[in-house]
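This report concerns only the one structure given below.
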Amino acid sequence: MSDELLDVDESMPTNTVEEFLRMERMPHIWCPGCGIGTTVNCFAHALETSGLDLRKVSVVSGIGCTGRVAGYLKLDSFHTTHGRAIPFATGLKLANPELKVVVYSGDGDLTAIGGNHFIHAARRNVDMTVILINNFIYGMTGGQVAPTTPLTATASTTPHGNFEEAFNLPYLAESCGAVYVARWTAYHVRHVTKAIKEALAKKGFSFVEILAPCPTLYSRRNKLGDGLDQMVYYKENSEVKNDIDTKTVSLSFQGKITVGKFVDKERPTYLDAMNEYYGKKFGDKYTPYKG
Amino acid sequence: MKSDPKGVLTGAHFIDGDHACAEGAIAAGCRFVAGYPITPSTEVVERIADRFPLIGGMFIQMEDEIASSIAIQGAVWGGKKAMTVTSGPGFSLMMEHIGLAAMTEVPCVFVDVQRGGPSTGLPTLPGQGDMMQARWGSHGDYGIIALCPNSPQECFDFTIKAFNLSEQYRVPVLLMMDECVGHMTERVIVPPADQIEIYPRRFYEGPKEEFLLFKPDNDMVPPMVKAGDGYNIHVTGLTHDEKGYPVMTVAAQEKLVHRLIDKIKMNADKIVEYKEDQVEGADVVVVSYGITSRVAIPAIDQARKEGMKVGHLRLIVAWPFPEKRIKELATKIKSFVVPEINYGQMVHEVERHSAGKVRVELVGHGGGAVHNPKDIYNVIKNSVKG
Ligand SMILES: Cc1ncc(C[n+]2csc(CCOP(=O)(O)OP(=O)(O)O)c2C)c(N)n1
Ligand code: SF4
Ligand SMILES: [Mg+2]
């Protein structure tokens, strides 16, 4: 390497999203080639242009590699228990509706142990943005099968291959009542950023699924190469189909990936429904709940 | 600080313990309740659901107890005083989040209206079998506070006390009711709001640059801030430093966990509370709590009538346990008698702190009913003989 290249201006930020990160906590724990960091970058960019007052943005994570996101964001951030980010976020949002509450967690966390909370928060239309990093696997605990692991893929607890049907998450979210549903991959950084921005602007339960490589466990065990190879797979196999019926967007092992914005609709949020209902019921006696 | 008069139903009421608990929560300033129906605790949330809309409260029936027990913690970081309510099976589901509240020092109240267990057990009938679970139920080491009311009036009073202690020590406080006190209807006096003492949340008041989320005051309790206050707080159930950041070292673990235990242990003299009746000069002391403290009275009266010197020590605060007092009494009396609706839980504490100096007799009961006072009387009588 030439000296020129090493001669960087120390005062210049090397990372444009540094102001959104707790830089004193770097280096992060994620493996080289892991897709989670890429999505955090997109999230920070989405925040940057969202116009939101960052003091009023809270991020809530469960447990897992993705669960560590909360700890790296320079926002009010909560690293809760495995699967329970959504009910924590529900309490936080309903206690102080002024807050913009974002749940950022893994596929296992949000749809296995936390699946019940996911469907109920969507049904109630609690105003929150859920960003789910789908790496098809339980990363943190060493690559066990998840409710998102595609048929035939191997995991440490399905060493002979997976025979369980995986969740089609956009369909799950939509059928439970989510008002915004999108799926992209870590390859689609601009789309991811835009989708997060749209989801943040949405009132109600918004859901963004992002497929992201876990080279260390998922790719290696399934002999899919490194993080970059997984990005190439996303690039070559993604098909953008906005507004398509979510029933049709199931994923298969190394098959085509339908990406896009599938749902964008209006429905009263939990709080709006409550205030409206009680307002009619109790008339002047009722003061709309504002936290 | 005094209670907010909005919502305080000053006056005399004829209500059951569950309803009294709900009124106590309202008087304490609780405006966020998350719960999941379970007998015999459901009446608490039913009353809350009825009362909250017109006093600015938020009640949500969550999808289960796991959700309820963490929704309240989100609400606390959002600035509310919060409570959840359950019974045995739900209490078991809440254990992980009692640990989270202890670890992240979230002031909140868990109410357990105890029924017969284990498992689904006796849904509509009393038990006192969750007492050790209250102390040790979540994994790892931590300090905890648990209270035991024995009447609807105390369900009201102790719910307020539970909130106050939780705010003072930033610790989850467990209100250990039982089916009998929950479903028993008695006169409950709700005092005027200006006579109800409220311990306000300990908000940080120092300079912003010096703020550390888990830096304790002199009493080992750190002051709090809310989400949205502009401090960029980080809260994690991982072992953390004063900033709140995860630190995976033996030293960090030692420092944090020790403080979580010590903030209760070292303040125990201020927290411990019990009521004594004719304990001085007694040969036998009955140690009881909850509904059993009332059932023991006819047994004690009968024994006294027959000339036996029987004292009565009733636990108001079960955890931390009044170890000093038990140690002291163990040097003066002949025996302890411990009636409880289980096959031996708090009796182990009495045994531990009397350290073999005196006899300790359990009057066990499997649950489903209260003791027959005669059974307690018989044990008192035998233990006086020595
Ligand atoms: C109650 C509980 N059960 C199990 C675990 C262990 N655990 C930690 S993370 C995790 C899975 C995480 O998978 P995912 O949500 O997909 O996140 P990833 O690591 O893949 O980002 C499990 C099972 C736990 N922490 N708590
Ligand atoms: S194990 Fe997988 S998901 Fe976890 S940090 Fe490494 S690459 Fe990322
Ligand atoms: Mg995963």
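Naming works like this for the structure tokens: A, B, ... for the chains as they're shown, residue 1 at the start of each chain, ligands 1 onward in shown order.
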
Near-ligand residues for ligand 1, threshold 10 Å, only C-alpha atoms and all ligand atoms, as number ranges by chain: A: 30, 34-36, 61-69, 80-84, 104-114, 132-149, 212-214, 217-218; B: 96

Write the residues you've just listed into a file as a compact mmCIF listing (two decimals), in the first residue's frame, and include N, CA and C atoms for each of them.
# COMPACT_ATOMS: atom_id res chain seq x y z
N TRP A 30 -20.30 -8.12 14.95
CA TRP A 30 -20.73 -8.88 13.76
C TRP A 30 -19.55 -9.40 12.94
N CYS A 34 -21.20 -10.16 7.33
CA CYS A 34 -22.56 -10.23 7.90
C CYS A 34 -23.40 -9.10 7.32
N GLY A 35 -24.65 -9.37 7.03
CA GLY A 35 -25.50 -8.35 6.42
C GLY A 35 -26.15 -7.38 7.40
N ILE A 36 -26.05 -7.65 8.67
CA ILE A 36 -26.79 -6.80 9.64
C ILE A 36 -26.29 -5.36 9.60
N SER A 61 -34.75 -3.86 20.71
CA SER A 61 -34.33 -5.13 20.12
C SER A 61 -34.60 -6.27 21.08
N GLY A 62 -34.70 -7.44 20.51
CA GLY A 62 -34.74 -8.65 21.33
C GLY A 62 -33.31 -9.16 21.49
N ILE A 63 -33.15 -10.48 21.45
CA ILE A 63 -31.82 -11.08 21.63
C ILE A 63 -31.42 -11.82 20.36
N GLY A 64 -30.17 -11.69 20.01
CA GLY A 64 -29.64 -12.34 18.81
C GLY A 64 -28.56 -11.45 18.23
N CYS A 65 -27.97 -11.86 17.13
CA CYS A 65 -26.98 -10.99 16.48
C CYS A 65 -27.68 -9.68 16.10
N THR A 66 -28.86 -9.79 15.50
CA THR A 66 -29.60 -8.59 15.13
C THR A 66 -30.02 -7.82 16.39
N GLY A 67 -30.28 -8.55 17.45
CA GLY A 67 -30.68 -7.91 18.70
C GLY A 67 -29.65 -6.93 19.22
N ARG A 68 -28.40 -7.07 18.74
CA ARG A 68 -27.37 -6.15 19.20
C ARG A 68 -27.46 -4.77 18.55
N VAL A 69 -28.33 -4.65 17.56
CA VAL A 69 -28.43 -3.36 16.86
C VAL A 69 -28.72 -2.23 17.84
N THR A 80 -33.82 -6.01 25.05
CA THR A 80 -34.74 -6.57 26.04
C THR A 80 -34.49 -8.06 26.27
N THR A 81 -35.50 -8.89 26.09
CA THR A 81 -35.33 -10.34 26.25
C THR A 81 -35.67 -10.99 24.91
N HIS A 82 -35.34 -12.27 24.80
CA HIS A 82 -35.50 -12.96 23.52
C HIS A 82 -36.98 -13.05 23.14
N GLY A 83 -37.32 -12.43 22.03
CA GLY A 83 -38.69 -12.51 21.52
C GLY A 83 -39.63 -11.43 22.00
N ARG A 84 -39.19 -10.63 22.95
CA ARG A 84 -40.16 -9.75 23.62
C ARG A 84 -39.99 -8.26 23.30
N TYR A 104 -36.20 -3.63 16.13
CA TYR A 104 -35.16 -4.08 15.20
C TYR A 104 -34.67 -5.41 15.72
N SER A 105 -35.02 -6.50 15.04
CA SER A 105 -34.61 -7.79 15.60
C SER A 105 -34.54 -8.88 14.54
N GLY A 106 -34.21 -10.07 15.00
CA GLY A 106 -33.97 -11.17 14.08
C GLY A 106 -35.23 -11.96 13.74
N ASP A 107 -35.09 -12.83 12.74
CA ASP A 107 -36.22 -13.66 12.29
C ASP A 107 -36.65 -14.63 13.37
N GLY A 108 -35.69 -15.25 14.05
CA GLY A 108 -36.04 -16.19 15.11
C GLY A 108 -36.71 -15.47 16.26
N ASP A 109 -36.09 -14.38 16.65
CA ASP A 109 -36.59 -13.59 17.77
C ASP A 109 -38.04 -13.14 17.55
N LEU A 110 -38.30 -12.59 16.38
CA LEU A 110 -39.61 -11.98 16.15
C LEU A 110 -40.69 -12.96 15.72
N THR A 111 -40.28 -14.09 15.12
CA THR A 111 -41.35 -14.94 14.59
C THR A 111 -41.39 -16.34 15.19
N ALA A 112 -40.38 -16.73 15.98
CA ALA A 112 -40.48 -18.01 16.69
C ALA A 112 -40.96 -17.70 18.11
N ILE A 113 -40.02 -17.41 18.98
CA ILE A 113 -40.37 -17.15 20.38
C ILE A 113 -41.26 -15.91 20.50
N GLY A 114 -41.10 -14.98 19.59
CA GLY A 114 -41.89 -13.75 19.67
C GLY A 114 -43.06 -13.71 18.69
N LEU A 132 -37.17 -6.48 10.47
CA LEU A 132 -36.80 -7.87 10.76
C LEU A 132 -35.67 -8.29 9.83
N ILE A 133 -34.57 -8.70 10.41
CA ILE A 133 -33.45 -9.18 9.61
C ILE A 133 -33.57 -10.69 9.48
N ASN A 134 -33.87 -11.12 8.26
CA ASN A 134 -34.06 -12.54 8.00
C ASN A 134 -32.78 -13.12 7.40
N ASN A 135 -32.04 -13.83 8.25
CA ASN A 135 -30.84 -14.51 7.75
C ASN A 135 -31.08 -16.02 7.69
N PHE A 136 -32.33 -16.41 7.77
CA PHE A 136 -32.77 -17.81 7.64
C PHE A 136 -32.29 -18.72 8.77
N ILE A 137 -31.84 -18.11 9.86
CA ILE A 137 -31.13 -18.95 10.83
C ILE A 137 -31.11 -18.26 12.20
N TYR A 138 -30.87 -19.03 13.24
CA TYR A 138 -30.53 -18.45 14.55
C TYR A 138 -29.03 -18.21 14.53
N GLY A 139 -28.63 -16.95 14.34
CA GLY A 139 -27.20 -16.67 14.25
C GLY A 139 -26.51 -16.77 15.59
N MET A 140 -27.00 -16.00 16.52
CA MET A 140 -26.32 -15.84 17.82
C MET A 140 -25.99 -17.15 18.52
N THR A 141 -26.90 -18.12 18.39
CA THR A 141 -26.70 -19.35 19.14
C THR A 141 -26.00 -20.44 18.33
N GLY A 142 -25.56 -20.10 17.12
CA GLY A 142 -24.72 -21.05 16.40
C GLY A 142 -25.37 -21.74 15.21
N GLY A 143 -26.44 -21.13 14.66
CA GLY A 143 -26.95 -21.65 13.38
C GLY A 143 -27.98 -22.74 13.48
N GLN A 144 -28.91 -22.60 14.41
CA GLN A 144 -30.00 -23.58 14.49
C GLN A 144 -31.11 -23.20 13.51
N VAL A 145 -31.99 -24.17 13.26
CA VAL A 145 -33.11 -23.95 12.34
C VAL A 145 -34.04 -22.89 12.91
N ALA A 146 -34.62 -22.10 12.01
CA ALA A 146 -35.54 -21.03 12.41
C ALA A 146 -36.87 -21.25 11.67
N PRO A 147 -37.92 -20.51 12.07
CA PRO A 147 -39.19 -20.66 11.34
C PRO A 147 -39.09 -20.11 9.92
N THR A 148 -37.94 -19.55 9.58
CA THR A 148 -37.71 -18.95 8.26
C THR A 148 -36.74 -19.78 7.42
N THR A 149 -36.17 -20.82 8.01
CA THR A 149 -35.19 -21.63 7.27
C THR A 149 -35.91 -22.30 6.10
N ALA A 212 -30.70 -10.96 4.78
CA ALA A 212 -29.31 -10.55 4.98
C ALA A 212 -28.43 -11.78 5.16
N PRO A 213 -27.23 -11.74 4.60
CA PRO A 213 -26.36 -12.91 4.70
C PRO A 213 -25.85 -13.16 6.12
N CYS A 214 -25.81 -14.43 6.48
CA CYS A 214 -25.08 -14.87 7.67
C CYS A 214 -24.03 -15.83 7.13
N LEU A 217 -22.61 -18.86 9.52
CA LEU A 217 -23.37 -20.06 9.89
C LEU A 217 -24.23 -20.57 8.75
N TYR A 218 -25.08 -19.72 8.23
CA TYR A 218 -26.01 -20.20 7.20
C TYR A 218 -25.27 -20.54 5.90
N GLU B 96 -38.95 -14.54 33.81
CA GLU B 96 -37.83 -13.96 33.07
C GLU B 96 -37.86 -12.44 33.17

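Any residue of chain B with an atom no more than 6 Å from chain A counts as a contact; using only C-alpha atoms, that gives Leu54, Ala67, Ile70, Ala71, Ile72, Gly74, Ala75, Gly78, Ala227, Gly228, Gly230, Asn232, Ile233, His234, Val235 and Thr236 of chain B.
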
So how many Å separate CA of Ala134 (chain B) and CA of Lys357 (chain B), to one decimal? 27.2 Å

Show me, as a PDB file with all heavy atoms, in the first residue's frame, the residues that have an atom within 7 Å of region 165-168 of chain A when counting only C-alpha atoms, minus same-chain residues fewer than 2 positions from it.
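Final file, selection_34.pdb:
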ATOM      1  N   PRO A 147     -37.921 -20.511  12.073  1.00  0.00           N
ATOM      2  CA  PRO A 147     -39.186 -20.656  11.337  1.00  0.00           C
ATOM      3  C   PRO A 147     -39.089 -20.106   9.918  1.00  0.00           C
ATOM      4  O   PRO A 147     -40.056 -20.165   9.170  1.00  0.00           O
ATOM      5  CB  PRO A 147     -40.187 -19.827  12.145  1.00  0.00           C
ATOM      6  CG  PRO A 147     -39.503 -19.430  13.394  1.00  0.00           C
ATOM      7  CD  PRO A 147     -38.035 -19.581  13.199  1.00  0.00           C
ATOM      8  N   THR A 148     -37.942 -19.549   9.576  1.00  0.00           N
ATOM      9  CA  THR A 148     -37.712 -18.953   8.263  1.00  0.00           C
ATOM     10  C   THR A 148     -36.744 -19.775   7.423  1.00  0.00           C
ATOM     11  O   THR A 148     -36.488 -19.436   6.272  1.00  0.00           O
ATOM     12  CB  THR A 148     -37.076 -17.569   8.471  1.00  0.00           C
ATOM     13  OG1 THR A 148     -36.052 -17.727   9.449  1.00  0.00           O
ATOM     14  CG2 THR A 148     -38.088 -16.560   8.965  1.00  0.00           C
ATOM     15  N   THR A 149     -36.166 -20.819   8.015  1.00  0.00           N
ATOM     16  CA  THR A 149     -35.193 -21.628   7.271  1.00  0.00           C
ATOM     17  C   THR A 149     -35.911 -22.304   6.095  1.00  0.00           C
ATOM     18  O   THR A 149     -36.919 -22.983   6.290  1.00  0.00           O
ATOM     19  CB  THR A 149     -34.571 -22.705   8.188  1.00  0.00           C
ATOM     20  OG1 THR A 149     -34.044 -22.058   9.346  1.00  0.00           O
ATOM     21  CG2 THR A 149     -33.466 -23.469   7.484  1.00  0.00           C
ATOM     22  N   PRO A 150     -35.405 -22.124   4.865  1.00  0.00           N
ATOM     23  CA  PRO A 150     -36.087 -22.725   3.716  1.00  0.00           C
ATOM     24  C   PRO A 150     -36.051 -24.251   3.764  1.00  0.00           C
ATOM     25  O   PRO A 150     -35.127 -24.829   4.351  1.00  0.00           O
ATOM     26  CB  PRO A 150     -35.278 -22.215   2.513  1.00  0.00           C
ATOM     27  CG  PRO A 150     -34.433 -21.099   3.015  1.00  0.00           C
ATOM     28  CD  PRO A 150     -34.230 -21.327   4.482  1.00  0.00           C
ATOM     29  N   LEU A 151     -37.037 -24.855   3.145  1.00  0.00           N
ATOM     30  CA  LEU A 151     -37.077 -26.315   3.028  1.00  0.00           C
ATOM     31  C   LEU A 151     -35.766 -26.828   2.449  1.00  0.00           C
ATOM     32  O   LEU A 151     -35.232 -26.228   1.509  1.00  0.00           O
ATOM     33  CB  LEU A 151     -38.213 -26.735   2.085  1.00  0.00           C
ATOM     34  CG  LEU A 151     -39.613 -26.879   2.695  1.00  0.00           C
ATOM     35  CD1 LEU A 151     -40.628 -27.172   1.594  1.00  0.00           C
ATOM     36  CD2 LEU A 151     -39.634 -27.957   3.757  1.00  0.00           C
ATOM     37  N   PHE A 163     -37.168 -30.076   6.945  1.00  0.00           N
ATOM     38  CA  PHE A 163     -38.398 -30.517   6.274  1.00  0.00           C
ATOM     39  C   PHE A 163     -39.626 -29.734   6.735  1.00  0.00           C
ATOM     40  O   PHE A 163     -40.745 -30.058   6.371  1.00  0.00           O
ATOM     41  CB  PHE A 163     -38.612 -32.024   6.494  1.00  0.00           C
ATOM     42  CG  PHE A 163     -38.593 -32.423   7.940  1.00  0.00           C
ATOM     43  CD1 PHE A 163     -39.749 -32.341   8.707  1.00  0.00           C
ATOM     44  CD2 PHE A 163     -37.414 -32.870   8.537  1.00  0.00           C
ATOM     45  CE1 PHE A 163     -39.724 -32.702  10.040  1.00  0.00           C
ATOM     46  CE2 PHE A 163     -37.386 -33.221   9.870  1.00  0.00           C
ATOM     47  CZ  PHE A 163     -38.544 -33.136  10.631  1.00  0.00           C
ATOM     48  N   PRO A 170     -44.161 -11.657   4.801  1.00  0.00           N
ATOM     49  CA  PRO A 170     -45.051 -10.573   4.352  1.00  0.00           C
ATOM     50  C   PRO A 170     -46.524 -10.983   4.409  1.00  0.00           C
ATOM     51  O   PRO A 170     -47.388 -10.199   4.800  1.00  0.00           O
ATOM     52  CB  PRO A 170     -44.583 -10.318   2.917  1.00  0.00           C
ATOM     53  CG  PRO A 170     -43.140 -10.727   2.923  1.00  0.00           C
ATOM     54  CD  PRO A 170     -43.087 -11.927   3.826  1.00  0.00           C
ATOM     55  N   TYR A 171     -46.805 -12.245   4.048  1.00  0.00           N
ATOM     56  CA  TYR A 171     -48.183 -12.738   4.077  1.00  0.00           C
ATOM     57  C   TYR A 171     -48.685 -12.779   5.522  1.00  0.00           C
ATOM     58  O   TYR A 171     -49.814 -12.367   5.832  1.00  0.00           O
ATOM     59  CB  TYR A 171     -48.205 -14.126   3.431  1.00  0.00           C
ATOM     60  CG  TYR A 171     -49.562 -14.785   3.364  1.00  0.00           C
ATOM     61  CD1 TYR A 171     -50.714 -14.071   3.031  1.00  0.00           C
ATOM     62  CD2 TYR A 171     -49.678 -16.157   3.613  1.00  0.00           C
ATOM     63  CE1 TYR A 171     -51.956 -14.699   2.957  1.00  0.00           C
ATOM     64  CE2 TYR A 171     -50.918 -16.796   3.541  1.00  0.00           C
ATOM     65  CZ  TYR A 171     -52.048 -16.058   3.219  1.00  0.00           C
ATOM     66  OH  TYR A 171     -53.268 -16.686   3.149  1.00  0.00           O
ATOM     67  N   LEU A 172     -47.822 -13.255   6.419  1.00  0.00           N
ATOM     68  CA  LEU A 172     -48.188 -13.299   7.847  1.00  0.00           C
ATOM     69  C   LEU A 172     -48.520 -11.898   8.342  1.00  0.00           C
ATOM     70  O   LEU A 172     -49.561 -11.668   8.972  1.00  0.00           O
ATOM     71  CB  LEU A 172     -47.025 -13.889   8.662  1.00  0.00           C
ATOM     72  CG  LEU A 172     -47.231 -13.954  10.177  1.00  0.00           C
ATOM     73  CD1 LEU A 172     -48.290 -14.989  10.545  1.00  0.00           C
ATOM     74  CD2 LEU A 172     -45.919 -14.284  10.895  1.00  0.00           C
ATOM     75  N   VAL A 249     -45.436 -14.786  -2.183  1.00  0.00           N
ATOM     76  CA  VAL A 249     -44.028 -14.380  -2.022  1.00  0.00           C
ATOM     77  C   VAL A 249     -43.215 -15.296  -1.100  1.00  0.00           C
ATOM     78  O   VAL A 249     -42.196 -14.892  -0.552  1.00  0.00           O
ATOM     79  CB  VAL A 249     -43.908 -12.887  -1.583  1.00  0.00           C
ATOM     80  CG1 VAL A 249     -44.641 -11.991  -2.556  1.00  0.00           C
ATOM     81  CG2 VAL A 249     -44.383 -12.661  -0.160  1.00  0.00           C
ATOM     82  N   SER A 250     -43.642 -16.550  -0.964  1.00  0.00           N
ATOM     83  CA  SER A 250     -42.867 -17.513  -0.165  1.00  0.00           C
ATOM     84  C   SER A 250     -41.454 -17.640  -0.727  1.00  0.00           C
ATOM     85  O   SER A 250     -41.248 -17.459  -1.927  1.00  0.00           O
ATOM     86  CB  SER A 250     -43.505 -18.896  -0.224  1.00  0.00           C
ATOM     87  OG  SER A 250     -44.817 -18.845   0.220  1.00  0.00           O
ATOM     88  N   LEU A 251     -40.544 -18.009   0.147  1.00  0.00           N
ATOM     89  CA  LEU A 251     -39.148 -18.171  -0.277  1.00  0.00           C
ATOM     90  C   LEU A 251     -38.804 -19.649  -0.324  1.00  0.00           C
ATOM     91  O   LEU A 251     -39.392 -20.454   0.397  1.00  0.00           O
ATOM     92  CB  LEU A 251     -38.228 -17.456   0.713  1.00  0.00           C
ATOM     93  CG  LEU A 251     -38.440 -15.945   0.828  1.00  0.00           C
ATOM     94  CD1 LEU A 251     -37.701 -15.387   2.044  1.00  0.00           C
ATOM     95  CD2 LEU A 251     -37.977 -15.244  -0.448  1.00  0.00           C
TER      96      LEU A 251
END

If you run DSSP over the backbone, which residues in region 88-149 of chain A end up strand (DSSP E or B)? Put them as a ChimeraX atom specification. /A:100-106,128-134,138,144

Written selection (N, CA and C atoms) as a PDB file, in the first residue's frame:
ATOM      1  N   LYS A 100     -41.381   7.804  18.577  1.00  0.00           N
ATOM      2  CA  LYS A 100     -41.375   6.962  17.379  1.00  0.00           C
ATOM      3  C   LYS A 100     -40.651   5.690  17.800  1.00  0.00           C
ATOM      4  N   VAL A 101     -41.353   4.585  17.773  1.00  0.00           N
ATOM      5  CA  VAL A 101     -40.776   3.353  18.316  1.00  0.00           C
ATOM      6  C   VAL A 101     -40.465   2.370  17.188  1.00  0.00           C
ATOM      7  N   VAL A 102     -39.215   1.939  17.161  1.00  0.00           N
ATOM      8  CA  VAL A 102     -38.749   1.011  16.130  1.00  0.00           C
ATOM      9  C   VAL A 102     -38.304  -0.282  16.797  1.00  0.00           C
ATOM     10  N   VAL A 103     -38.801  -1.390  16.299  1.00  0.00           N
ATOM     11  CA  VAL A 103     -38.329  -2.691  16.764  1.00  0.00           C
ATOM     12  C   VAL A 103     -37.383  -3.225  15.702  1.00  0.00           C
ATOM     13  N   TYR A 104     -36.203  -3.631  16.129  1.00  0.00           N
ATOM     14  CA  TYR A 104     -35.161  -4.077  15.195  1.00  0.00           C
ATOM     15  C   TYR A 104     -34.669  -5.409  15.717  1.00  0.00           C
ATOM     16  N   SER A 105     -35.018  -6.503  15.039  1.00  0.00           N
ATOM     17  CA  SER A 105     -34.606  -7.787  15.603  1.00  0.00           C
ATOM     18  C   SER A 105     -34.542  -8.879  14.544  1.00  0.00           C
ATOM     19  N   GLY A 106     -34.212 -10.068  15.003  1.00  0.00           N
ATOM     20  CA  GLY A 106     -33.968 -11.175  14.082  1.00  0.00           C
ATOM     21  C   GLY A 106     -35.225 -11.958  13.740  1.00  0.00           C
ATOM     22  N   MET A 128     -45.878   1.227  15.389  1.00  0.00           N
ATOM     23  CA  MET A 128     -44.438   0.951  15.513  1.00  0.00           C
ATOM     24  C   MET A 128     -43.917   0.441  14.179  1.00  0.00           C
ATOM     25  N   THR A 129     -42.625   0.606  13.965  1.00  0.00           N
ATOM     26  CA  THR A 129     -41.988   0.065  12.765  1.00  0.00           C
ATOM     27  C   THR A 129     -41.170  -1.152  13.167  1.00  0.00           C
ATOM     28  N   VAL A 130     -41.451  -2.275  12.541  1.00  0.00           N
ATOM     29  CA  VAL A 130     -40.697  -3.489  12.852  1.00  0.00           C
ATOM     30  C   VAL A 130     -39.759  -3.797  11.696  1.00  0.00           C
ATOM     31  N   ILE A 131     -38.465  -3.786  11.985  1.00  0.00           N
ATOM     32  CA  ILE A 131     -37.459  -4.144  10.984  1.00  0.00           C
ATOM     33  C   ILE A 131     -36.945  -5.533  11.352  1.00  0.00           C
ATOM     34  N   LEU A 132     -37.167  -6.475  10.471  1.00  0.00           N
ATOM     35  CA  LEU A 132     -36.801  -7.867  10.757  1.00  0.00           C
ATOM     36  C   LEU A 132     -35.672  -8.291   9.833  1.00  0.00           C
ATOM     37  N   ILE A 133     -34.573  -8.703  10.409  1.00  0.00           N
ATOM     38  CA  ILE A 133     -33.450  -9.184   9.613  1.00  0.00           C
ATOM     39  C   ILE A 133     -33.569 -10.691   9.483  1.00  0.00           C
ATOM     40  N   ASN A 134     -33.869 -11.118   8.257  1.00  0.00           N
ATOM     41  CA  ASN A 134     -34.057 -12.543   8.004  1.00  0.00           C
ATOM     42  C   ASN A 134     -32.784 -13.121   7.398  1.00  0.00           C
ATOM     43  N   TYR A 138     -30.866 -19.029  13.243  1.00  0.00           N
ATOM     44  CA  TYR A 138     -30.530 -18.449  14.546  1.00  0.00           C
ATOM     45  C   TYR A 138     -29.025 -18.206  14.528  1.00  0.00           C
ATOM     46  N   GLN A 144     -28.908 -22.598  14.408  1.00  0.00           N
ATOM     47  CA  GLN A 144     -29.996 -23.580  14.488  1.00  0.00           C
ATOM     48  C   GLN A 144     -31.114 -23.201  13.508  1.00  0.00           C
TER      49      GLN A 144
END

Surrounding residues of Thr239 (chain B) excluding itself and chain neighbours under 6 positions, 12 Å, only C-alpha atoms, as a list in words: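 In the requested form, the answer reads His79 of chain A; Leu100, Ala102, Met103, Thr104, Gly140, Phe214, Tyr245, Pro246, Val247, Met248, Thr249, Val250, Ala251, Ala252, Gln253, Glu254, Lys255, Leu256, Val257, His258 and Leu260 of chain B.
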
Counting only C-alpha atoms, what is within 8 Å of region 50-52 of chain A, bar same-chain residues fewer than 3 positions away, as a list in words?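 Answer for this query is Ala46, Leu47, Lys56, Val57, Lys197, Leu200 and Ala201 of chain A.
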
List every residue of region 111-256 of chain A that DSSP, applied to the backbone of this structure, places in helix (DSSP H, G or I), and write the result as a PyMOL selection string. chain A and resi 111-113+115-124+169-176+189-201+215-221+227-237+246-248

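If only C-alpha atoms are the atoms counted, then among B:Phe59, B:Phe91, B:Tyr199, B:Phe110 the closest residue to Ile160 (chain B) is B:Tyr199.
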
Expressed in Å to a single decimal, how great is the separation between CA of Ala273 (chain A) and CA of Glu174 (chain A)? 18.9 Å

Nearest residue to ligand 2 from the set A:Ile29, A:Ala195, A:Val208, A:Leu228 (distances using only C-alpha atoms and all ligand atoms):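 Of the candidates, the smallest distance to ligand 2 is held by A:Ile29.
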
Excluding Gly311 (chain B) and residues on its chain fewer than 3 positions from it, collect all residues at most 12 Å away from it, counting only C-alpha atoms, and give them as a PyMOL selection string. chain B and resi 275-288+296-297+299-301+303-304+308+314+329+332-338+380+384

Compare A:Ile257, A:Val126, A:Leu211, A:Ala199 by their minimum atom-to-atom distance to ligand 2, counting only C-alpha atoms and all ligand atoms, and give me the closest one.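 Of A:Ile257, A:Val126, A:Leu211, A:Ala199, the one nearest ligand 2 is A:Leu211, counting only C-alpha atoms and all ligand atoms.
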
d(CA of Asn267 (chain B), CA of Asp241 (chain B)) in Å: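 Interatomic distance, CA of Asn267 (chain B) to CA of Asp241 (chain B): 22.2 Å.
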
What's the 10 Å shell around Leu9 (chain B), counting only C-alpha atoms, without same-chain residues fewer than 3 positions away, as a ChimeraX atom specification? /B:5-6,12-13,23-24,26-27,189-193

Rank nothing, just name the residue among A:Gln230, A:Gln254, A:Thr216, A:Asn242 nearest to ligand 3, using only C-alpha atoms and all ligand atoms. A:Thr216
